[in-house]
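Data file: final-v4.cif. Format and content: mmCIF, C-alpha atoms.
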```cif
data_final
loop_
_atom_site.label_atom_id
_atom_site.label_comp_id
_atom_site.auth_asym_id
_atom_site.auth_seq_id
_atom_site.Cartn_x
_atom_site.Cartn_y
_atom_site.Cartn_z
CA MET A 8 -24.55 -0.60 -10.68
CA SER A 9 -23.99 2.05 -13.36
CA ARG A 10 -21.03 3.42 -11.39
CA ILE A 11 -19.47 -0.05 -11.20
CA ARG A 12 -19.85 -0.47 -14.96
CA GLN A 13 -18.43 3.01 -15.49
CA VAL A 14 -15.39 2.15 -13.38
CA ILE A 15 -14.92 -1.15 -15.27
CA CYS A 16 -15.07 0.65 -18.62
CA GLU A 17 -12.98 3.69 -17.76
CA THR A 18 -10.23 2.30 -15.54
CA GLU A 19 -6.90 2.13 -17.31
CA VAL A 20 -5.29 -1.22 -16.58
CA PRO A 21 -2.30 -3.11 -18.02
CA SER A 22 -2.87 -5.77 -20.65
CA TRP A 23 -1.91 -8.66 -18.33
CA LEU A 24 -4.91 -7.98 -16.10
CA ASN A 25 -7.79 -10.13 -17.33
CA SER A 26 -10.82 -8.18 -18.43
CA VAL A 27 -14.12 -8.14 -16.57
CA PRO A 28 -17.48 -8.09 -18.43
CA HIS A 29 -18.24 -4.45 -19.23
CA ASN A 30 -21.94 -5.19 -18.85
CA TYR A 31 -21.43 -6.79 -15.43
CA GLY A 32 -24.77 -7.37 -13.73
CA ASN A 33 -26.72 -7.98 -16.94
CA ALA A 34 -28.08 -11.41 -17.74
CA ASN A 35 -26.16 -11.47 -21.02
CA ALA A 36 -22.85 -10.79 -19.27
CA GLY A 37 -22.42 -14.54 -18.83
CA VAL A 38 -20.97 -16.39 -15.89
CA VAL A 39 -18.32 -14.42 -14.05
CA LYS A 40 -15.24 -16.61 -13.60
CA ALA A 41 -13.14 -16.85 -10.44
CA ASP A 42 -10.36 -14.59 -11.73
CA GLU A 43 -12.92 -12.02 -12.86
CA TRP A 44 -14.52 -12.09 -9.42
CA ARG A 45 -11.13 -11.48 -7.88
CA ASN A 46 -10.44 -8.50 -10.13
CA LEU A 47 -13.94 -7.18 -9.54
CA SER A 48 -13.75 -7.50 -5.78
CA THR A 49 -10.22 -6.21 -5.32
CA ILE A 50 -10.04 -3.48 -8.00
CA PHE A 51 -13.23 -2.24 -9.62
CA LEU A 52 -15.83 -2.73 -6.89
CA PRO A 53 -13.93 -0.95 -4.07
CA ILE A 54 -12.96 1.96 -6.35
CA ALA A 55 -16.60 2.40 -7.35
CA LEU A 56 -18.05 1.99 -3.86
CA ILE A 57 -15.61 4.37 -2.19
CA SER A 58 -16.30 6.99 -4.86
CA LEU A 59 -20.03 6.61 -4.15
CA TRP A 60 -20.13 6.17 -0.39
CA GLY A 61 -16.71 7.16 0.90
CA GLU A 62 -15.54 10.23 2.74
CA GLY A 63 -16.57 13.48 1.08
CA THR A 64 -19.60 12.09 -0.76
CA SER A 65 -23.03 13.66 -0.30
CA HIS A 66 -26.21 11.84 0.69
CA PRO A 67 -29.88 12.83 1.24
CA SER A 68 -29.64 12.56 5.03
CA PRO A 69 -27.03 11.91 7.74
CA ALA A 70 -28.75 8.63 8.60
CA ILE A 71 -28.37 7.38 5.04
CA ALA A 72 -24.78 8.59 4.95
CA ALA A 73 -24.00 6.68 8.15
CA ARG A 74 -25.76 3.57 6.87
CA VAL A 75 -23.91 3.47 3.53
CA ARG A 76 -20.59 4.25 5.21
CA HIS A 77 -21.19 1.35 7.58
CA ILE A 78 -21.91 -0.97 4.64
CA LEU A 79 -18.86 0.35 2.79
CA ASN A 80 -16.55 -0.26 5.74
CA HIS A 81 -18.01 -3.72 6.14
CA THR A 82 -17.45 -4.50 2.44
CA MET A 83 -13.92 -3.17 2.64
CA LEU A 84 -13.18 -5.70 5.38
CA LEU A 85 -13.89 -8.44 2.85
CA VAL A 86 -11.98 -6.63 0.09
CA SER A 87 -8.95 -6.30 2.36
CA ALA A 88 -9.17 -9.95 3.38
CA VAL A 89 -9.34 -11.14 -0.23
CA SER A 90 -6.46 -8.86 -1.25
CA LEU A 91 -4.32 -10.20 1.57
CA ALA A 92 -5.19 -13.82 0.86
CA CYS A 93 -4.27 -13.43 -2.82
CA MET A 94 -0.83 -11.93 -2.19
CA ARG A 95 2.05 -13.82 -3.74
CA THR A 96 4.12 -13.67 -0.57
CA MET A 97 2.77 -14.58 2.83
CA THR A 98 3.87 -13.61 6.31
CA PRO A 99 2.45 -14.41 9.77
CA SER A 100 1.29 -10.80 10.09
CA ARG A 101 -0.62 -10.98 6.80
CA SER A 102 -2.23 -14.22 7.83
CA ALA A 103 -3.21 -12.69 11.17
CA ALA A 104 -4.57 -9.56 9.47
CA TYR A 105 -6.64 -11.74 7.13
CA LEU A 106 -8.08 -13.60 10.11
CA GLU A 107 -8.91 -10.36 11.86
CA TYR A 108 -10.64 -8.89 8.80
CA MET A 109 -12.60 -12.05 8.12
CA THR A 110 -13.65 -12.49 11.75
CA ARG A 111 -14.91 -8.92 11.87
CA TYR A 112 -16.65 -9.30 8.51
CA ILE A 113 -18.55 -12.42 9.55
CA HIS A 114 -19.37 -10.95 12.96
CA ASP A 115 -20.91 -7.82 11.41
CA PHE A 116 -22.56 -9.67 8.55
CA VAL A 117 -25.51 -10.90 10.63
CA ASN A 118 -26.10 -7.37 11.95
CA ILE A 119 -25.94 -5.61 8.61
CA HIS A 120 -27.67 -8.18 6.41
CA VAL A 121 -30.32 -9.42 8.82
CA ASP A 122 -32.37 -11.13 6.10
CA ILE A 123 -29.49 -13.24 4.75
CA ASN A 124 -28.33 -16.41 6.48
CA PRO A 125 -24.59 -16.93 6.91
CA ARG A 126 -23.11 -19.09 4.16
CA PRO A 127 -20.95 -22.23 4.50
CA ASN A 128 -18.24 -20.32 2.59
CA MET A 129 -17.85 -18.07 5.61
CA HIS A 130 -16.97 -21.04 7.77
CA MET A 131 -14.49 -22.31 5.17
CA ALA A 132 -12.90 -18.87 4.86
CA MET A 133 -11.96 -19.05 8.52
CA HIS A 134 -9.79 -22.12 7.83
CA ILE A 135 -7.67 -20.30 5.23
CA PRO A 136 -5.26 -18.64 7.72
CA HIS A 137 -4.33 -22.09 8.98
CA PHE A 138 -3.46 -23.20 5.44
CA LEU A 139 -1.61 -19.95 4.78
CA ARG A 140 0.63 -20.68 7.76
CA LEU A 141 1.07 -24.32 6.75
CA PHE A 142 1.51 -24.05 2.99
CA GLY A 143 2.32 -20.42 2.20
CA PRO A 144 0.66 -18.22 -0.45
CA VAL A 145 -2.60 -19.54 -1.87
CA ARG A 146 -1.15 -19.38 -5.35
CA SER A 147 1.03 -22.40 -4.56
CA TRP A 148 -1.84 -24.62 -3.45
CA TRP A 149 -5.07 -23.36 -4.96
CA CYS A 150 -6.87 -25.56 -7.47
CA PHE A 151 -7.16 -23.12 -10.38
CA PRO A 152 -4.40 -24.81 -12.46
CA PHE A 153 -6.36 -28.07 -12.25
CA GLU A 154 -9.61 -26.26 -13.01
CA ARG A 155 -7.94 -24.82 -16.09
CA LEU A 156 -6.82 -28.29 -17.17
CA ILE A 157 -10.35 -29.62 -16.69
CA GLY A 158 -11.69 -26.71 -18.73
CA GLN A 159 -9.29 -27.49 -21.58
CA ILE A 160 -10.17 -31.20 -21.48
CA GLN A 161 -13.88 -30.36 -21.53
CA ARG A 162 -13.35 -28.28 -24.67
CA LEU A 163 -11.53 -31.10 -26.50
CA LEU A 164 -13.45 -32.59 -29.41
CA SER A 165 -14.94 -35.96 -28.47
CA ASN A 166 -17.36 -38.55 -29.84
CA HIS A 167 -18.97 -38.82 -26.40
CA LYS A 168 -17.70 -42.38 -25.94
CA PHE A 169 -15.39 -43.60 -23.25
CA GLY A 170 -11.83 -44.56 -24.12
CA ILE A 171 -10.84 -47.99 -25.40
CA LEU A 172 -11.07 -50.64 -22.71
CA ILE A 173 -8.84 -53.66 -22.48
CA SER A 174 -11.63 -56.07 -23.40
CA CYS A 175 -12.45 -53.98 -26.48
CA ILE A 176 -8.84 -54.09 -27.63
CA VAL A 177 -8.62 -57.81 -27.13
CA SER A 178 -11.90 -58.57 -28.87
CA SER A 179 -11.08 -56.36 -31.81
CA PHE A 180 -7.57 -57.67 -32.28
CA LYS A 181 -8.62 -61.26 -31.64
CA LEU A 182 -10.15 -61.20 -35.08
CA SER A 183 -7.22 -59.55 -36.77
CA ASP A 184 -3.85 -60.84 -37.86
CA LEU A 185 -1.42 -61.49 -35.01
CA SER A 186 1.45 -59.79 -36.82
CA ASP A 187 -0.58 -56.58 -37.02
CA PHE A 188 -1.50 -56.95 -33.39
CA ARG A 189 2.08 -57.35 -32.29
CA SER A 190 3.21 -54.48 -34.47
CA ASN A 191 0.97 -52.07 -32.60
CA GLY A 192 3.36 -51.14 -29.84
CA ILE A 193 0.98 -48.82 -28.05
CA TYR A 194 -1.67 -51.47 -27.40
CA ILE A 195 0.93 -54.11 -26.61
CA THR A 196 2.58 -51.89 -24.02
CA SER A 197 -0.79 -50.99 -22.60
CA LEU A 198 -1.79 -54.62 -22.23
CA LEU A 199 1.50 -55.80 -20.83
CA SER A 200 1.50 -53.04 -18.25
CA LYS A 201 -1.88 -54.28 -17.04
CA GLY A 202 -0.72 -57.83 -16.42
CA TRP A 203 -1.44 -59.48 -19.77
CA GLN A 204 1.15 -61.72 -21.39
CA PHE A 205 1.59 -63.79 -24.54
CA GLU A 206 1.81 -67.58 -24.30
CA THR A 207 2.43 -70.10 -27.01
CA LEU A 208 1.10 -73.58 -26.35
CA ALA A 209 1.02 -76.39 -28.93
CA GLY A 210 1.69 -73.94 -31.72
CA GLN A 211 -1.17 -71.62 -30.72
CA THR A 212 -0.61 -68.16 -29.30
CA ARG A 213 -2.78 -67.04 -26.44
CA LEU A 214 -3.13 -63.84 -24.51
CA SER A 215 -3.49 -64.59 -20.83
CA ARG A 216 -3.93 -62.58 -17.66
CA CYS A 217 -1.24 -63.39 -15.11
CA ASN A 218 -2.36 -65.53 -12.18
CA GLN A 219 -6.02 -65.11 -13.01
CA GLY A 220 -6.64 -68.00 -15.35
CA VAL A 221 -8.02 -65.78 -18.10
CA GLN A 222 -6.97 -66.81 -21.58
CA ILE A 223 -7.92 -65.53 -25.01
CA ALA A 224 -6.94 -67.48 -28.10
CA LEU A 225 -5.51 -65.39 -30.92
CA MET B 4 1.10 -31.17 -25.67
CA LEU B 5 -2.07 -30.39 -23.74
CA PHE B 6 -0.02 -29.45 -20.69
CA ASP B 7 2.26 -27.27 -22.81
CA LYS B 8 -0.76 -25.48 -24.20
CA ILE B 9 -2.15 -24.79 -20.75
CA TYR B 10 0.88 -24.14 -18.60
CA LEU B 11 3.68 -22.86 -20.81
CA PRO B 12 4.15 -19.08 -20.65
CA LYS B 13 2.24 -17.33 -23.40
CA VAL B 14 5.10 -14.96 -24.11
CA PRO B 15 8.85 -15.58 -24.13
CA GLU B 16 10.69 -14.36 -21.05
CA ASP B 17 13.71 -13.24 -22.99
CA HIS B 18 13.47 -9.80 -24.51
CA SER B 19 17.08 -9.27 -25.45
CA SER B 20 16.57 -10.22 -29.08
CA ASN B 21 13.80 -7.71 -29.61
CA VAL B 22 15.70 -4.46 -29.94
CA HIS B 23 14.14 -2.84 -32.96
CA GLY B 24 12.98 0.75 -32.85
CA ASP B 25 12.53 3.91 -34.86
CA ILE B 26 15.52 6.16 -35.42
CA TYR B 27 15.09 9.80 -34.36
CA THR B 28 17.66 12.40 -35.27
CA ASP B 29 18.57 15.91 -34.27
CA ASP B 30 18.35 17.19 -37.83
CA ALA B 31 14.74 17.97 -38.74
CA GLY B 32 15.58 18.82 -42.32
CA THR B 33 16.85 15.44 -43.45
CA MET B 34 14.85 12.88 -41.46
CA SER B 35 11.11 12.50 -40.96
CA ASN B 36 11.57 11.81 -37.21
CA THR B 37 13.24 14.41 -35.04
CA ILE B 38 14.20 14.00 -31.40
CA PRO B 39 11.27 15.21 -29.24
CA VAL B 40 12.03 18.53 -27.54
CA ASP B 41 10.98 17.31 -24.08
CA LEU B 42 13.32 14.33 -24.34
CA ARG B 43 16.43 16.40 -25.12
CA PRO B 44 17.24 17.29 -21.48
CA LEU B 45 17.64 13.59 -20.70
CA LEU B 46 20.09 13.02 -23.53
CA ALA B 47 23.79 13.73 -23.60
CA SER B 48 24.64 16.97 -25.39
CA PHE B 49 26.65 15.20 -28.07
CA GLN B 50 23.87 12.74 -28.87
CA ARG B 51 22.51 13.55 -32.33
CA GLN B 52 20.55 10.41 -32.94
CA ILE B 53 18.50 8.04 -30.76
CA ILE B 54 16.38 4.95 -31.21
CA ILE B 55 12.87 5.16 -29.78
CA ARG B 56 10.51 2.25 -29.53
CA ALA B 57 6.90 1.74 -28.51
CA ARG B 58 7.20 -1.30 -26.25
CA LEU B 59 9.71 -3.03 -24.03
CA ARG B 60 9.42 -6.41 -22.36
CA HIS B 61 11.25 -6.47 -19.06
CA ASN B 62 11.26 -9.52 -16.73
CA GLY B 63 8.27 -10.87 -18.62
CA VAL B 64 6.22 -7.69 -18.15
CA MET B 65 5.22 -5.59 -21.13
CA LEU B 66 5.92 -1.89 -20.78
CA ALA B 67 4.65 0.54 -23.40
CA THR B 68 4.54 4.25 -24.05
CA SER B 69 1.34 6.11 -23.19
CA LYS B 70 0.67 6.63 -26.88
CA THR B 71 0.86 2.88 -27.54
CA HIS B 72 -1.06 1.43 -24.56
CA ILE B 73 -2.01 3.68 -21.72
CA GLY B 74 -2.54 0.83 -19.24
CA ASN B 75 0.87 -0.71 -19.91
CA SER B 76 2.50 2.70 -19.51
CA LEU B 77 1.30 3.23 -15.92
CA VAL B 78 4.08 2.08 -13.61
CA GLN B 79 5.30 2.63 -10.09
CA PHE B 80 9.05 3.15 -9.98
CA TYR B 81 11.89 3.89 -7.61
CA PRO B 82 13.03 7.44 -8.43
CA ARG B 83 16.78 7.43 -9.24
CA GLY B 84 16.82 3.83 -8.06
CA ASN B 85 16.12 4.86 -4.48
CA ARG B 86 14.33 1.82 -3.01
CA SER B 87 12.92 3.68 -0.04
CA MET B 88 10.12 5.34 -2.01
CA LEU B 89 7.80 4.52 -4.88
CA VAL B 90 6.27 6.98 -7.30
CA PRO B 91 3.53 6.43 -9.92
CA GLY B 92 4.06 7.73 -13.41
CA SER B 93 3.33 7.23 -17.09
CA ILE B 94 5.96 6.17 -19.63
CA LYS B 95 6.23 8.70 -22.43
CA TYR B 96 9.28 7.45 -24.28
CA ILE B 97 11.37 4.30 -24.39
CA TYR B 98 14.74 5.17 -25.87
CA GLN B 99 18.13 3.63 -26.30
CA GLU B 100 21.04 4.79 -24.20
CA ARG B 101 24.48 3.22 -24.42
CA GLY B 102 23.13 0.08 -26.03
CA ARG B 103 20.23 -0.52 -23.63
CA PHE B 104 16.74 0.88 -23.38
CA VAL B 105 15.65 3.26 -20.66
CA LEU B 106 12.35 4.99 -19.96
CA ALA B 107 11.33 8.62 -19.87
CA ILE B 108 8.48 8.89 -17.37
CA GLN B 109 6.10 11.66 -16.35
CA ARG B 110 5.18 11.54 -12.68
CA GLN B 111 1.55 11.53 -11.55
CA LEU B 112 1.21 14.83 -9.69
CA PRO B 113 -0.08 14.78 -6.09
CA ALA B 114 -3.71 15.71 -5.51
CA ASP B 115 -4.65 19.14 -4.25
CA ASP B 116 -5.22 19.57 -0.57
CA VAL B 117 -8.32 17.38 -0.29
CA SER B 118 -9.13 14.48 1.99
CA ASP B 119 -8.41 11.13 0.43
CA PRO B 120 -11.35 8.72 0.93
CA TYR B 121 -9.17 5.79 -0.15
CA ALA B 122 -6.50 6.37 2.47
CA ILE B 123 -8.36 4.96 5.46
CA TYR B 124 -8.21 1.37 4.21
CA PRO B 125 -4.71 0.12 4.99
CA HIS B 126 -4.86 -3.03 2.89
CA PHE B 127 -6.45 -1.44 -0.13
CA PRO B 128 -3.45 0.28 -1.74
CA ALA B 129 -5.28 3.08 -3.55
CA LYS B 130 -4.53 6.77 -3.31
CA LEU B 131 -5.92 9.97 -4.77
CA TYR B 132 -3.67 11.86 -7.17
CA SER B 133 -4.08 14.74 -9.57
CA SER B 134 -5.27 13.77 -13.04
CA SER B 135 -2.42 15.68 -14.62
CA LEU B 136 1.16 14.56 -15.12
CA SER B 137 4.34 16.47 -14.56
CA ARG B 138 5.78 18.22 -17.59
CA GLU B 139 9.34 17.19 -16.81
CA LEU B 140 10.47 13.77 -17.87
CA GLU B 141 12.39 11.53 -15.54
CA ARG B 142 14.98 9.01 -16.64
CA VAL B 143 14.13 5.57 -15.26
CA GLU B 144 15.98 2.33 -15.83
CA PRO B 145 13.82 -0.77 -16.39
CA ASP B 146 15.19 -2.32 -13.18
CA TRP B 147 13.74 0.55 -11.18
CA ILE B 148 10.20 -0.35 -12.24
CA TYR B 149 8.25 -1.91 -9.38
CA ALA B 150 4.77 -2.72 -10.70
CA HIS B 151 1.91 -1.53 -12.85
CA TYR B 152 -0.96 0.43 -11.41
CA ALA B 153 -4.61 1.00 -12.37
CA ARG B 154 -5.96 4.52 -12.75
CA TRP B 155 -9.50 5.81 -12.78
CA LYS B 156 -10.41 9.43 -13.26
CA VAL B 157 -12.67 10.34 -10.36
CA SER B 158 -13.21 13.85 -11.70
CA SER B 159 -11.62 16.16 -14.22
CA THR B 160 -8.91 17.06 -11.72
CA GLN B 161 -8.46 13.92 -9.63
CA SER B 162 -7.63 10.31 -10.34
CA VAL B 163 -7.43 7.32 -8.06
CA VAL B 164 -4.29 5.22 -8.39
CA LEU B 165 -4.35 1.59 -7.30
CA SER B 166 -1.17 -0.46 -7.04
CA LEU B 167 -1.47 -3.81 -8.81
CA SER B 168 1.50 -5.33 -7.04
CA ARG B 169 0.62 -8.67 -5.51
CA VAL B 170 3.84 -8.89 -3.58
CA ARG B 171 3.52 -6.00 -1.19
CA HIS B 172 1.33 -2.96 -0.71
CA LEU B 173 2.65 0.43 -1.69
CA TYR B 174 0.96 2.87 0.62
CA ILE B 175 0.75 0.74 3.72
CA CYS B 176 3.53 2.62 5.50
CA CYS B 177 1.93 6.04 5.14
CA ILE B 178 -1.63 5.20 6.17
CA PRO B 179 -2.51 7.25 9.23
CA ILE B 180 -5.43 5.13 10.39
CA SER B 181 -4.93 1.66 11.73
CA LEU B 182 -6.96 -1.50 11.21
CA GLN B 183 -8.33 -1.16 14.71
CA SER B 184 -9.77 2.29 14.01
CA LEU B 185 -11.40 1.02 10.81
CA GLN B 186 -13.35 -1.54 12.77
CA GLU B 187 -14.62 0.88 15.35
#
```
Spit out the file's structure as structure tokens when you get a sec.
Amino acid sequence: MSRIRQVICETEVPSWLNSVPHNYGNANAGVVKADEWRNLSTIFLPIALISLWGEGTSHPSPAIAARVRHILNHTMLLVSAVSLACMRTMTPSRSAAYLEYMTRYIHDFVNIHVDINPRPNMHMAMHIPHFLRLFGPVRSWWCFPFERLIGQIQRLLSNHKFGILISCIVSSFKLSDLSDFRSNGIYITSLLSKGWQFETLAGQTRLSRCNQGVQIAL
Amino acid sequence: MLFDKIYLPKVPEDHSSNVHGDIYTDDAGTMSNTIPVDLRPLLASFQRQIIIRARLRHNGVMLATSKTHIGNSLVQFYPRGNRSMLVPGSIKYIYQERGRFVLAIQRQLPADDVSDPYAIYPHFPAKLYSSSLSRELERVEPDWIYAHYARWKVSSTQSVVLSLSRVRHLYICCIPISLQSLQE
């Protein structure tokens, strides 16, 4: 873990690349976001692991060396698959290579990590090549723009009450002066778009719901 | 307004209006800034004064000199505009030449004759290089820049260079070991 943190701290990267928590792995590092996971898994983690376990590194015994090399190669299958899936251009050969990497990764997973059950994500990952062929690069159809919008909306200041409902508008303006009510174009437009209309009968103005028999005297 | 805040680009794409820089002259006695000695070979012999700047935005990407931001200075480029090969290097100067800015780049030197542990993974575009840079500067036009790269110093003499291009992989054509052999 210290090597991974060292790589995160010491790697020189351009300013457009989003940062990754320098204390990655600690409880106070916070939740690692999707983009940070991507940068971790495609940049920092493989650099650190290859420097630790790759060709030319020394280990206490040949058995340990073989074991860690096996784990490294297995991890690199996933790294390669993620790198390919995140490319901004997509070709049939890339999609096929992704499928091959992911198939091999899942196949070896149960042999290497015998105490861990396969995850549902593994099954879903096998559907991605199909979508890559149908829709192109993931960037054009992934949900992160919507997630970002949700995140912004969640951070908006709110009084923890739902928005104004039609009945609330009607009941509040029922008590107010009609001229004020009519002057508020936003509410008028909102009501009219939802099927409400003004009626004047025997000198009295009513707000009625079209074809539903609902009438409110103003 | 909410959508603008979330989805509009954070930085303007156009960089043409931002052309300010520091003036460097050939005459050390009269100006505080003199033309750097290592930059002189790239300049025309008659050029007595140049404008040097710290940053340049090109196609929405920020490029900087190594003194300003080391990460933004690490770029892969096509040497002399030759699109058949890519070379990593660090921007040392950004200077004006005939009204437009060009880059003076030091190449990342190749690693000594050691095995490259990063080379066996064809879809992980990392490669071992020497930690040192070439002394000679190379003139590079902004259009010859391909992408940024990340660099981590493995040891005092070696650094690993990882292409950050998300369009295509740099070293895929020169990987000797295939995907099939990786799985075996």
*Could you tell me which of B:Leu131, B:Leu42, B:Ile108, B:Ile54 comes closest to chain A if we count all atoms listed in the file?*
B:Leu131
*Result set of the PyMOL selection byres ((chain B) within 10 of (chain A)) on the coordinates above, as a PyMOL selection string*: chain B and resi 5-6+8-10+64-67+72-78+117-129+151-157+162-172+182-183+185-187
*Counting only C-alpha atoms, write as a VMD selection string all protein and nucleic acid residues lying at most 12 Å from (-7.0, -11.7, -18.5) in the file's frame.*
(chain A and resid 20 to 28 40 to 46) or (chain B and resid 13)
Given the selection you just returned, output its residues as a file containing C-alpha atoms, formatted as a PDB file, keeping the file's coordinate frame.
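Output file result_8.pdb is given in full below:
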```
ATOM      1  CA  VAL A  20      -5.290  -1.220 -16.580  1.00  0.00           C
ATOM      2  CA  PRO A  21      -2.300  -3.110 -18.020  1.00  0.00           C
ATOM      3  CA  SER A  22      -2.870  -5.770 -20.650  1.00  0.00           C
ATOM      4  CA  TRP A  23      -1.910  -8.660 -18.330  1.00  0.00           C
ATOM      5  CA  LEU A  24      -4.910  -7.980 -16.100  1.00  0.00           C
ATOM      6  CA  ASN A  25      -7.790 -10.130 -17.330  1.00  0.00           C
ATOM      7  CA  SER A  26     -10.820  -8.180 -18.430  1.00  0.00           C
ATOM      8  CA  VAL A  27     -14.120  -8.140 -16.570  1.00  0.00           C
ATOM      9  CA  PRO A  28     -17.480  -8.090 -18.430  1.00  0.00           C
ATOM     10  CA  LYS A  40     -15.240 -16.610 -13.600  1.00  0.00           C
ATOM     11  CA  ALA A  41     -13.140 -16.850 -10.440  1.00  0.00           C
ATOM     12  CA  ASP A  42     -10.360 -14.590 -11.730  1.00  0.00           C
ATOM     13  CA  GLU A  43     -12.920 -12.020 -12.860  1.00  0.00           C
ATOM     14  CA  TRP A  44     -14.520 -12.090  -9.420  1.00  0.00           C
ATOM     15  CA  ARG A  45     -11.130 -11.480  -7.880  1.00  0.00           C
ATOM     16  CA  ASN A  46     -10.440  -8.500 -10.130  1.00  0.00           C
TER      17      ASN A  46
ATOM     18  CA  LYS B  13       2.240 -17.330 -23.400  1.00  0.00           C
TER      19      LYS B  13
END
```
*Write out as a PyMOL selection string each polymer residue whose atoms come within 12 Å of Leu136 in chain B, counting only C-alpha atoms; drop sequence neighbours fewer than 4 positions from it.*
chain B and resi 69+77+91-95+108-114+132+140-141+160-162
*Expressed in Å to a single decimal, how great is the separation between CA of Glu144 in chain B and CA of Gln79 in chain B?*
12.1 Å
*asked:* Just to confirm, what's the straight-line distance from CA of Gly102 in chain B to CA of Asp41 in chain B in Å (one decimal)?
replied: 21.2 Å
Edge lengths and centre in Å to one decimal, as lines of an AutoDock Vina configuration file, of the axis-aligned box that encloses all listed atoms of range 106-115 of chain A with 6 Å added on every side?
```
center_x = -14.5
center_y = -10.7
center_z = 10.5
size_x = 24.8
size_y = 17.8
size_z = 16.8
```
List the residues selected by the PyMOL selection byres ((chain B and resi 57) around 8) in the file shown, writing them as a PDB file with C-alpha atoms, keeping the file's coordinate frame.
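To be explicit, this is the file written out as out-v6.pdb:
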```
ATOM      1  CA  GLY B  24      12.980   0.750 -32.850  1.00  0.00           C
ATOM      2  CA  ILE B  55      12.870   5.160 -29.780  1.00  0.00           C
ATOM      3  CA  ARG B  56      10.510   2.250 -29.530  1.00  0.00           C
ATOM      4  CA  ARG B  58       7.200  -1.300 -26.250  1.00  0.00           C
ATOM      5  CA  LEU B  59       9.710  -3.030 -24.030  1.00  0.00           C
ATOM      6  CA  ALA B  67       4.650   0.540 -23.400  1.00  0.00           C
ATOM      7  CA  THR B  68       4.540   4.250 -24.050  1.00  0.00           C
ATOM      8  CA  THR B  71       0.860   2.880 -27.540  1.00  0.00           C
ATOM      9  CA  TYR B  96       9.280   7.450 -24.280  1.00  0.00           C
ATOM     10  CA  ILE B  97      11.370   4.300 -24.390  1.00  0.00           C
TER      11      ILE B  97
END
```
_One-decimal distance in Å that lies between CA of Pro136 in chain A and CA of Thr98 in chain A_ = 10.5 Å
*asked:* Could you list, as a PyMOL selection string, every residue within 12 Å of Asn33 in chain A, counting all atoms listed in the file and ignoring same-chain residues fewer than 4 positions away?
replied: chain A and resi 8-9+12+28-29+37-39
_What would the selection look like, as an NGL selection string, if the PyMOL selection byres ((chain B and resi 43) around 12) were run on the coordinates I just shared?_
:B and (27-29 or 37-42 or 44-53 or 96 or 98 or 107 or 139-142)
*Would you mind telling me which residue in B:Ser135, B:Tyr149, B:Asn62, B:Val143 lies nearest to Leu106 in chain B when using only C-alpha atoms?*
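When distances to Leu106 in chain B are compared using only C-alpha atoms, the smallest one comes from B:Val143.
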